[in-house]
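Okay, my_file-v9.cif now, which holds mmCIF, C-alpha atoms:
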data_data
loop_
_atom_site.label_atom_id
_atom_site.label_comp_id
_atom_site.auth_asym_id
_atom_site.auth_seq_id
_atom_site.Cartn_x
_atom_site.Cartn_y
_atom_site.Cartn_z
CA MET V 1 -39.94 62.95 35.97
CA LYS V 2 -43.48 62.04 36.85
CA ILE V 3 -45.13 58.80 35.75
CA ILE V 4 -48.35 57.01 36.53
CA LEU V 5 -47.37 53.78 38.29
CA ASN V 6 -50.23 51.34 38.88
CA GLY V 7 -52.73 54.19 38.68
CA ARG V 8 -50.87 56.58 41.02
CA GLU V 9 -48.67 59.52 40.13
CA GLU V 10 -45.06 59.00 41.24
CA GLU V 11 -42.08 61.29 40.96
CA PHE V 12 -38.52 60.13 40.27
CA LYS V 13 -35.43 62.36 40.45
CA ARG V 14 -34.21 61.68 36.92
CA GLU V 15 -34.99 62.49 33.30
CA THR V 16 -35.72 58.97 32.14
CA MET V 17 -35.10 55.41 33.37
CA SER V 18 -35.09 51.82 32.20
CA VAL V 19 -37.62 49.30 33.48
CA ASN V 20 -34.83 47.67 35.50
CA GLU V 21 -33.98 51.01 37.15
CA MET V 22 -37.61 51.60 38.05
CA LEU V 23 -37.89 48.10 39.54
CA ASP V 24 -34.72 48.75 41.61
CA LEU V 25 -35.86 52.17 42.78
CA LYS V 26 -39.26 50.84 43.82
CA LYS V 27 -37.69 47.68 45.31
CA PHE V 28 -39.98 45.49 43.20
CA SER V 29 -37.71 42.50 43.71
CA PHE V 30 -40.02 39.52 43.05
CA ARG V 31 -39.01 38.04 39.71
CA MET V 32 -42.26 36.70 38.27
CA ARG V 33 -43.97 39.81 37.00
CA ILE V 34 -45.60 41.57 34.09
CA VAL V 35 -44.72 45.14 33.09
CA LYS V 36 -46.66 47.30 30.65
CA ILE V 37 -45.70 50.78 29.47
CA ASN V 38 -48.57 52.77 27.94
CA GLY V 39 -50.43 49.50 27.37
CA ARG V 40 -47.50 47.77 25.68
CA LEU V 41 -46.26 44.53 27.24
CA ILE V 42 -42.50 44.60 27.90
CA PRO V 43 -40.74 41.23 27.50
CA GLY V 44 -38.51 40.35 30.46
CA ASP V 45 -35.42 40.35 28.24
CA ASP V 46 -36.05 44.02 27.39
CA TYR V 47 -36.18 45.43 30.95
CA GLY V 48 -32.66 46.85 30.53
CA SER V 49 -33.30 48.50 27.17
CA SER V 50 -36.93 49.63 27.54
CA VAL V 51 -37.08 53.29 28.55
CA ILE V 52 -39.71 54.91 30.75
CA ASN V 53 -40.27 58.58 29.94
CA ASP V 54 -41.95 61.47 31.73
CA GLY V 55 -45.73 61.08 31.63
CA ASP V 56 -45.72 57.35 30.85
CA ASN V 57 -48.39 55.07 32.24
CA VAL V 58 -46.58 52.09 33.80
CA GLN V 59 -48.27 49.01 35.18
CA MET V 60 -46.61 46.19 37.07
CA PHE V 61 -48.02 43.13 38.74
CA TYR V 62 -46.63 39.96 40.30
CA LEU V 63 -47.55 36.45 39.21
CA MET V 64 -47.82 34.26 42.32
CA SER V 65 -47.91 30.47 42.05
CA GLY V 66 -51.05 28.59 43.02
CA GLY V 67 -54.17 27.74 41.16
CA MET Z 68 -81.55 43.05 34.07
CA ARG Z 69 -83.71 40.08 34.95
CA LEU Z 70 -82.01 36.71 35.37
CA PHE Z 71 -83.62 35.34 32.20
CA GLU Z 72 -82.32 38.34 30.22
CA ILE Z 73 -78.83 37.79 31.62
CA GLU Z 74 -78.90 34.10 30.70
CA ASP Z 75 -80.28 34.94 27.27
CA HIS Z 76 -77.29 37.24 26.72
CA LEU Z 77 -74.57 35.01 28.16
CA LYS Z 78 -75.58 31.94 26.14
CA ASN Z 79 -74.17 33.63 23.02
CA PHE Z 80 -70.60 33.76 24.33
CA ARG Z 81 -67.59 31.48 24.51
CA VAL Z 82 -65.12 31.53 27.41
CA GLY Z 83 -61.73 29.78 27.54
CA ILE Z 84 -60.48 28.18 30.74
CA ALA Z 85 -56.70 27.59 30.76
CA GLY Z 86 -56.21 24.85 33.34
CA ALA Z 87 -58.80 22.75 35.17
CA GLY Z 88 -57.41 22.75 38.71
CA GLY Z 89 -58.62 24.75 41.70
CA LEU Z 90 -59.17 28.00 39.83
CA GLY Z 91 -60.31 26.60 36.48
CA SER Z 92 -62.72 23.92 37.66
CA ASN Z 93 -64.47 26.19 40.17
CA CYS Z 94 -64.58 29.14 37.74
CA ALA Z 95 -66.04 26.89 35.03
CA ALA Z 96 -68.75 25.59 37.37
CA SER Z 97 -69.70 29.14 38.31
CA LEU Z 98 -69.85 30.22 34.64
CA ALA Z 99 -71.94 27.17 33.75
CA ARG Z 100 -74.45 28.02 36.48
CA THR Z 101 -74.54 31.62 35.28
CA GLY Z 102 -75.45 30.56 31.76
CA VAL Z 103 -72.35 31.10 29.59
CA GLY Z 104 -73.12 29.25 26.36
CA THR Z 105 -69.79 27.63 25.52
CA LEU Z 106 -66.77 26.81 27.65
CA VAL Z 107 -63.43 25.73 26.19
CA ILE Z 108 -61.53 23.71 28.80
CA ALA Z 109 -57.83 22.90 28.33
CA ASP Z 110 -55.78 20.74 30.72
CA PHE Z 111 -53.26 17.89 30.42
CA ASP Z 112 -53.80 16.32 33.85
CA ARG Z 113 -55.90 13.58 35.42
CA VAL Z 114 -58.06 13.87 38.54
CA GLU Z 115 -56.33 12.68 41.72
CA GLN Z 116 -58.07 11.86 44.99
CA SER Z 117 -56.20 14.72 46.70
CA ASN Z 118 -57.69 17.23 44.22
CA LEU Z 119 -61.07 16.83 45.91
CA SER Z 120 -59.85 19.11 48.71
CA ARG Z 121 -60.51 22.13 46.50
CA GLN Z 122 -61.30 21.26 42.89
CA TYR Z 123 -64.71 20.73 41.29
CA TYR Z 124 -64.52 16.93 41.06
CA PHE Z 125 -66.25 14.11 42.90
CA GLN Z 126 -65.65 10.69 44.41
CA GLY Z 127 -65.30 8.15 41.60
CA GLN Z 128 -63.69 10.56 39.15
CA ALA Z 129 -60.07 9.89 40.21
CA GLY Z 130 -58.08 8.73 37.20
CA MET Z 131 -60.28 10.49 34.65
CA LEU Z 132 -58.89 13.24 32.44
CA LYS Z 133 -59.73 16.53 34.15
CA THR Z 134 -61.19 17.83 30.90
CA GLU Z 135 -63.60 14.87 30.66
CA ALA Z 136 -64.50 14.83 34.35
CA LEU Z 137 -65.16 18.57 34.38
CA LYS Z 138 -67.26 18.36 31.22
CA GLU Z 139 -69.35 15.65 32.89
CA ASN Z 140 -69.89 17.87 35.94
CA LEU Z 141 -70.70 21.00 33.93
CA VAL Z 142 -73.29 19.16 31.84
CA ARG Z 143 -74.89 17.89 35.08
CA ILE Z 144 -75.23 21.54 36.16
CA ARG Z 145 -76.61 22.77 32.83
CA PRO Z 146 -77.36 20.15 30.15
CA GLU Z 147 -77.59 22.70 27.32
CA ILE Z 148 -74.04 24.05 27.86
CA LYS Z 149 -71.49 23.38 25.12
CA VAL Z 150 -68.14 22.22 26.47
CA LEU Z 151 -65.16 21.88 24.15
CA THR Z 152 -62.27 19.98 25.74
CA PHE Z 153 -58.59 19.98 24.83
CA HIS Z 154 -56.43 17.38 26.55
CA VAL Z 155 -53.20 19.23 25.92
CA LYS Z 156 -50.39 21.06 27.71
CA LEU Z 157 -50.93 24.65 26.70
CA ASP Z 158 -47.99 26.56 25.23
CA ARG Z 159 -47.20 29.63 23.13
CA GLU Z 160 -47.89 27.71 19.93
CA ASN Z 161 -51.27 26.09 20.70
CA ILE Z 162 -52.99 28.74 22.85
CA PRO Z 163 -54.21 30.89 19.92
CA SER Z 164 -55.82 27.91 18.17
CA VAL Z 165 -57.23 26.21 21.30
CA PHE Z 166 -58.91 29.44 22.40
CA SER Z 167 -59.77 30.83 18.96
CA GLY Z 168 -63.24 32.35 18.98
CA CYS Z 169 -63.26 32.87 22.75
CA ASP Z 170 -64.63 36.22 23.94
CA VAL Z 171 -62.69 36.07 27.22
CA ILE Z 172 -59.96 33.76 28.56
CA VAL Z 173 -59.47 32.76 32.21
CA GLU Z 174 -55.90 32.04 33.33
CA ALA Z 175 -56.10 29.16 35.80
CA PHE Z 176 -52.60 27.68 35.95
CA ASP Z 177 -50.75 26.62 39.06
CA ARG Z 178 -47.20 27.60 38.09
CA SER Z 179 -46.21 31.24 37.82
CA ASP Z 180 -44.01 30.66 34.75
CA MET Z 181 -47.10 29.29 32.97
CA LYS Z 182 -49.07 32.37 34.06
CA GLU Z 183 -46.35 34.58 32.56
CA MET Z 184 -46.41 32.49 29.36
CA ILE Z 185 -50.15 32.85 28.80
CA VAL Z 186 -50.18 36.58 29.61
CA GLU Z 187 -47.46 37.16 27.00
CA THR Z 188 -49.10 34.85 24.46
CA VAL Z 189 -52.63 36.24 24.71
CA GLN Z 190 -51.44 39.86 24.83
CA ASN Z 191 -49.17 39.41 21.81
CA GLU Z 192 -51.01 36.83 19.69
CA MET Z 193 -54.66 37.48 20.55
CA PRO Z 194 -54.89 41.29 20.73
CA GLY Z 195 -58.10 42.62 22.22
CA ILE Z 196 -59.11 39.38 23.97
CA PRO Z 197 -59.50 39.99 27.72
CA LEU Z 198 -57.48 37.69 30.01
CA ILE Z 199 -58.45 37.26 33.66
CA VAL Z 200 -55.39 36.28 35.71
CA GLY Z 201 -55.43 34.65 39.16
CA SER Z 202 -52.44 35.70 41.27
CA GLY Z 203 -52.15 35.06 45.01
CA LEU Z 204 -54.74 32.71 46.50
CA ALA Z 205 -52.86 30.16 48.62
CA GLY Z 206 -53.56 29.55 52.29
CA TRP Z 207 -56.56 30.64 54.31
CA GLY Z 208 -58.14 33.74 55.83
CA ARG Z 209 -56.96 37.27 55.00
CA ASN Z 210 -60.13 38.10 53.10
CA GLU Z 211 -59.19 41.76 53.41
CA ILE Z 212 -56.21 41.52 51.04
CA LEU Z 213 -57.97 39.67 48.22
CA GLY Z 214 -58.59 42.13 45.44
CA PHE Z 215 -59.37 42.80 41.83
CA ARG Z 216 -57.50 45.09 39.49
CA LYS Z 217 -58.18 46.11 35.92
CA ILE Z 218 -54.86 46.78 34.21
CA ASP Z 219 -56.57 47.75 30.94
CA GLU Z 220 -59.34 46.51 28.65
CA THR Z 221 -57.45 43.25 28.01
CA LEU Z 222 -55.92 42.36 31.38
CA TYR Z 223 -57.50 41.84 34.81
CA ILE Z 224 -55.95 40.48 38.03
CA CYS Z 225 -57.78 38.62 40.83
CA GLY Z 226 -56.10 37.66 44.10
CA ASP Z 227 -53.81 39.12 46.74
CA GLU Z 228 -50.83 39.50 44.35
CA MET Z 229 -48.45 38.54 47.18
CA THR Z 230 -48.95 34.96 48.43
CA GLU Z 231 -46.99 32.08 46.90
CA ALA Z 232 -48.34 28.56 47.23
CA SER Z 233 -46.01 26.17 49.10
CA ASP Z 234 -46.10 22.96 51.14
CA ASP Z 235 -46.82 25.04 54.25
CA LEU Z 236 -49.27 27.34 52.49
CA PRO Z 237 -51.27 25.13 50.15
CA PRO Z 238 -54.18 26.29 48.02
CA MET Z 239 -57.39 25.55 49.97
CA ALA Z 240 -61.03 25.38 48.94
CA PRO Z 241 -62.32 28.64 50.49
CA ARG Z 242 -59.65 31.02 49.20
CA VAL Z 243 -59.18 29.34 45.81
CA GLY Z 244 -62.95 29.30 45.43
CA ILE Z 245 -63.19 33.02 46.21
CA VAL Z 246 -60.57 33.93 43.60
CA ALA Z 247 -62.06 31.50 41.03
CA ASN Z 248 -65.43 33.17 41.53
CA MET Z 249 -63.87 36.63 41.34
CA GLN Z 250 -62.57 35.56 37.94
CA ALA Z 251 -66.02 34.28 36.92
CA ASN Z 252 -67.57 37.51 38.21
CA ALA Z 253 -65.17 39.56 36.05
CA VAL Z 254 -66.03 37.41 33.01
CA VAL Z 255 -69.75 38.02 33.52
CA GLU Z 256 -69.20 41.76 33.88
CA ILE Z 257 -67.17 41.89 30.65
CA LEU Z 258 -69.64 39.75 28.67
CA LEU Z 259 -72.67 41.73 29.80
CA LYS Z 260 -71.04 44.87 28.37
CA ILE Z 261 -70.60 43.36 24.90
CA PRO Z 262 -73.63 44.15 22.71
CA LEU Z 263 -75.12 41.08 21.03
CA LYS Z 264 -75.17 42.76 17.62
CA THR Z 265 -71.37 42.69 17.55
CA LYS Z 266 -71.46 38.90 17.71
#
Starting from the file, lay out its structure as structure tokens.
Amino acid sequence: MKIILNGREEEFKRETMSVNEMLDLKKFSFRMRIVKINGRLIPGDDYGSSVINDGDNVQMFYLMSGG
Amino acid sequence: MRLFEIEDHLKNFRVGIAGAGGLGSNCAASLARTGVGTLVIADFDRVEQSNLSRQYYFQGQAGMLKTEALKENLVRIRPEIKVLTFHVKLDRENIPSVFSGCDVIVEAFDRSDMKEMIVETVQNEMPGIPLIVGSGLAGWGRNEILGFRKIDETLYICGDEMTEASDDLPPMAPRVGIVANMQANAVVEILLKIPLKTK
């Protein structure tokens, strides 16, 4: 499958994946983060059940402390 | 656009500032100088002497509510500015009412769990309102990794997205000030694209 991840096309060797699987595969290990799929905000509790499909636009960013 | 045209445009808008620490106080000062008409400042804290290392407060203001001290300083910059203050700890319940009517909201919290909370709240409860998030500003130097990213029409990120504040890597005036002004710069860009007739 191919998705757009943070504005870049990326290929994964699978048909579909959960947000958690994507985070594991990309080694996005930092826990304070925001994930959007096709503009829809995914609550942290739903990372296991939310599915990323071929062609999806996925955005992820970290929230670092300090302000 | 000439400066007077820019000011004439910006005076019609209202911007929310969530937190009046290093990011929020400096961003608010920059927006006041630029000519934004109304700022809504929300913070629960009081000014401490140590805040003067990086926040937009002055000698003699220690002990004051940050909201009141910042309002005083913003009015000294631009007497005609309207400043609405909320001495409150922001949460999922009060954010939509505190920032109702705001055209843009600036996230200026210290803690990352609070940043997550306001992103979720504004995205879910205030659809269409742009939120400018600060993420990664602690320490010094490394100008080359400070950046700006537009996620979509409602979400923008300023900072290096990788540095956590800690005792050994505290937020400091230059880098916090850069990110606070990146946030203000993004606000100005967004507001200047909104036609006045939609107001």
Using the chain letters and numbering of this document, enumerate as number ranges by chain the residues selected by the PyMOL selection byres ((chain Z) within 9 of (chain V)).
-> Z: 86, 88-91, 175-180, 182-183, 186-187, 190-191, 200-205, 218-219, 224, 227-233, 237-238, 243, 247
Hey, what comes out of the PyMOL selection byres ((chain V and resi 15-21) around 12) on this file? Could you write it as a PyMOL selection string?
-> chain V and resi 1-3+5+11-14+22-29+31+33-37+41-56+58-60
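Residues lying within 12 Å of Z:Leu258, counting all atoms listed in the file and ignoring same-chain neighbours fewer than 6 positions away, are Ile73, Glu74, Asp75, His76, Leu77, Lys78, Asn79, Phe80, Arg81, Val82, Leu98, Thr101, Gly102, Val103, Gly104, Cys169, Asp170, Val171, Ile172, Ile196, Pro197, Ala251, Asn252, Thr265 and Lys266 of chain Z.
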Expected selection from the PyMOL selection byres ((chain Z and resi 108) around 6), given as a list of chain:residue names |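 When the PyMOL selection byres ((chain Z and resi 108) around 6) is applied, the selected residues are Z:Ile84, Z:Val107, Z:Ala109, Z:Thr152.
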Hey, could you pull the box centre and edge lengths for stretch 127-139 of chain Z, axis-aligned, 5 Å padding per side, all listed atoms, to one decimal in Å, as AutoDock Vina command-line options?
--center_x -63.7 --center_y 13.4 --center_z 36.1 --size_x 21.3 --size_y 20.4 --size_z 20.9
So how many Å separate atom CA of Z:Lys156 and atom CA of Z:Met181, to one decimal?
->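 If I compute the distance from atom CA of Z:Lys156 to atom CA of Z:Met181, I get 10.3 Å.
Atom CA of Z:Met249 lies 22.6 Å from atom CA of Z:Arg143.
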For a cut-off of 10 Å around (-55.2, 17.4, 27.9), file coordinates, pick out all residues using all atoms listed in the file and list them as JSON, numbers by chain.
-> {"Z": [86, 87, 108, 109, 110, 111, 112, 113, 132, 133, 134, 135, 152, 153, 154, 155, 156, 157]}
Write out as a PyMOL selection string which residues come within 12 Å of Z:Pro146 when counting only C-alpha atoms, dropping same-chain ones fewer than 4 positions away.
-> chain Z and resi 99-100+102+104-105+138-142+150
Would you mind reading off the distance between atom CA of Z:Met193 and atom CA of V:Arg8, one decimal, in Å?
->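 These atoms are spaced 28.3 Å apart.
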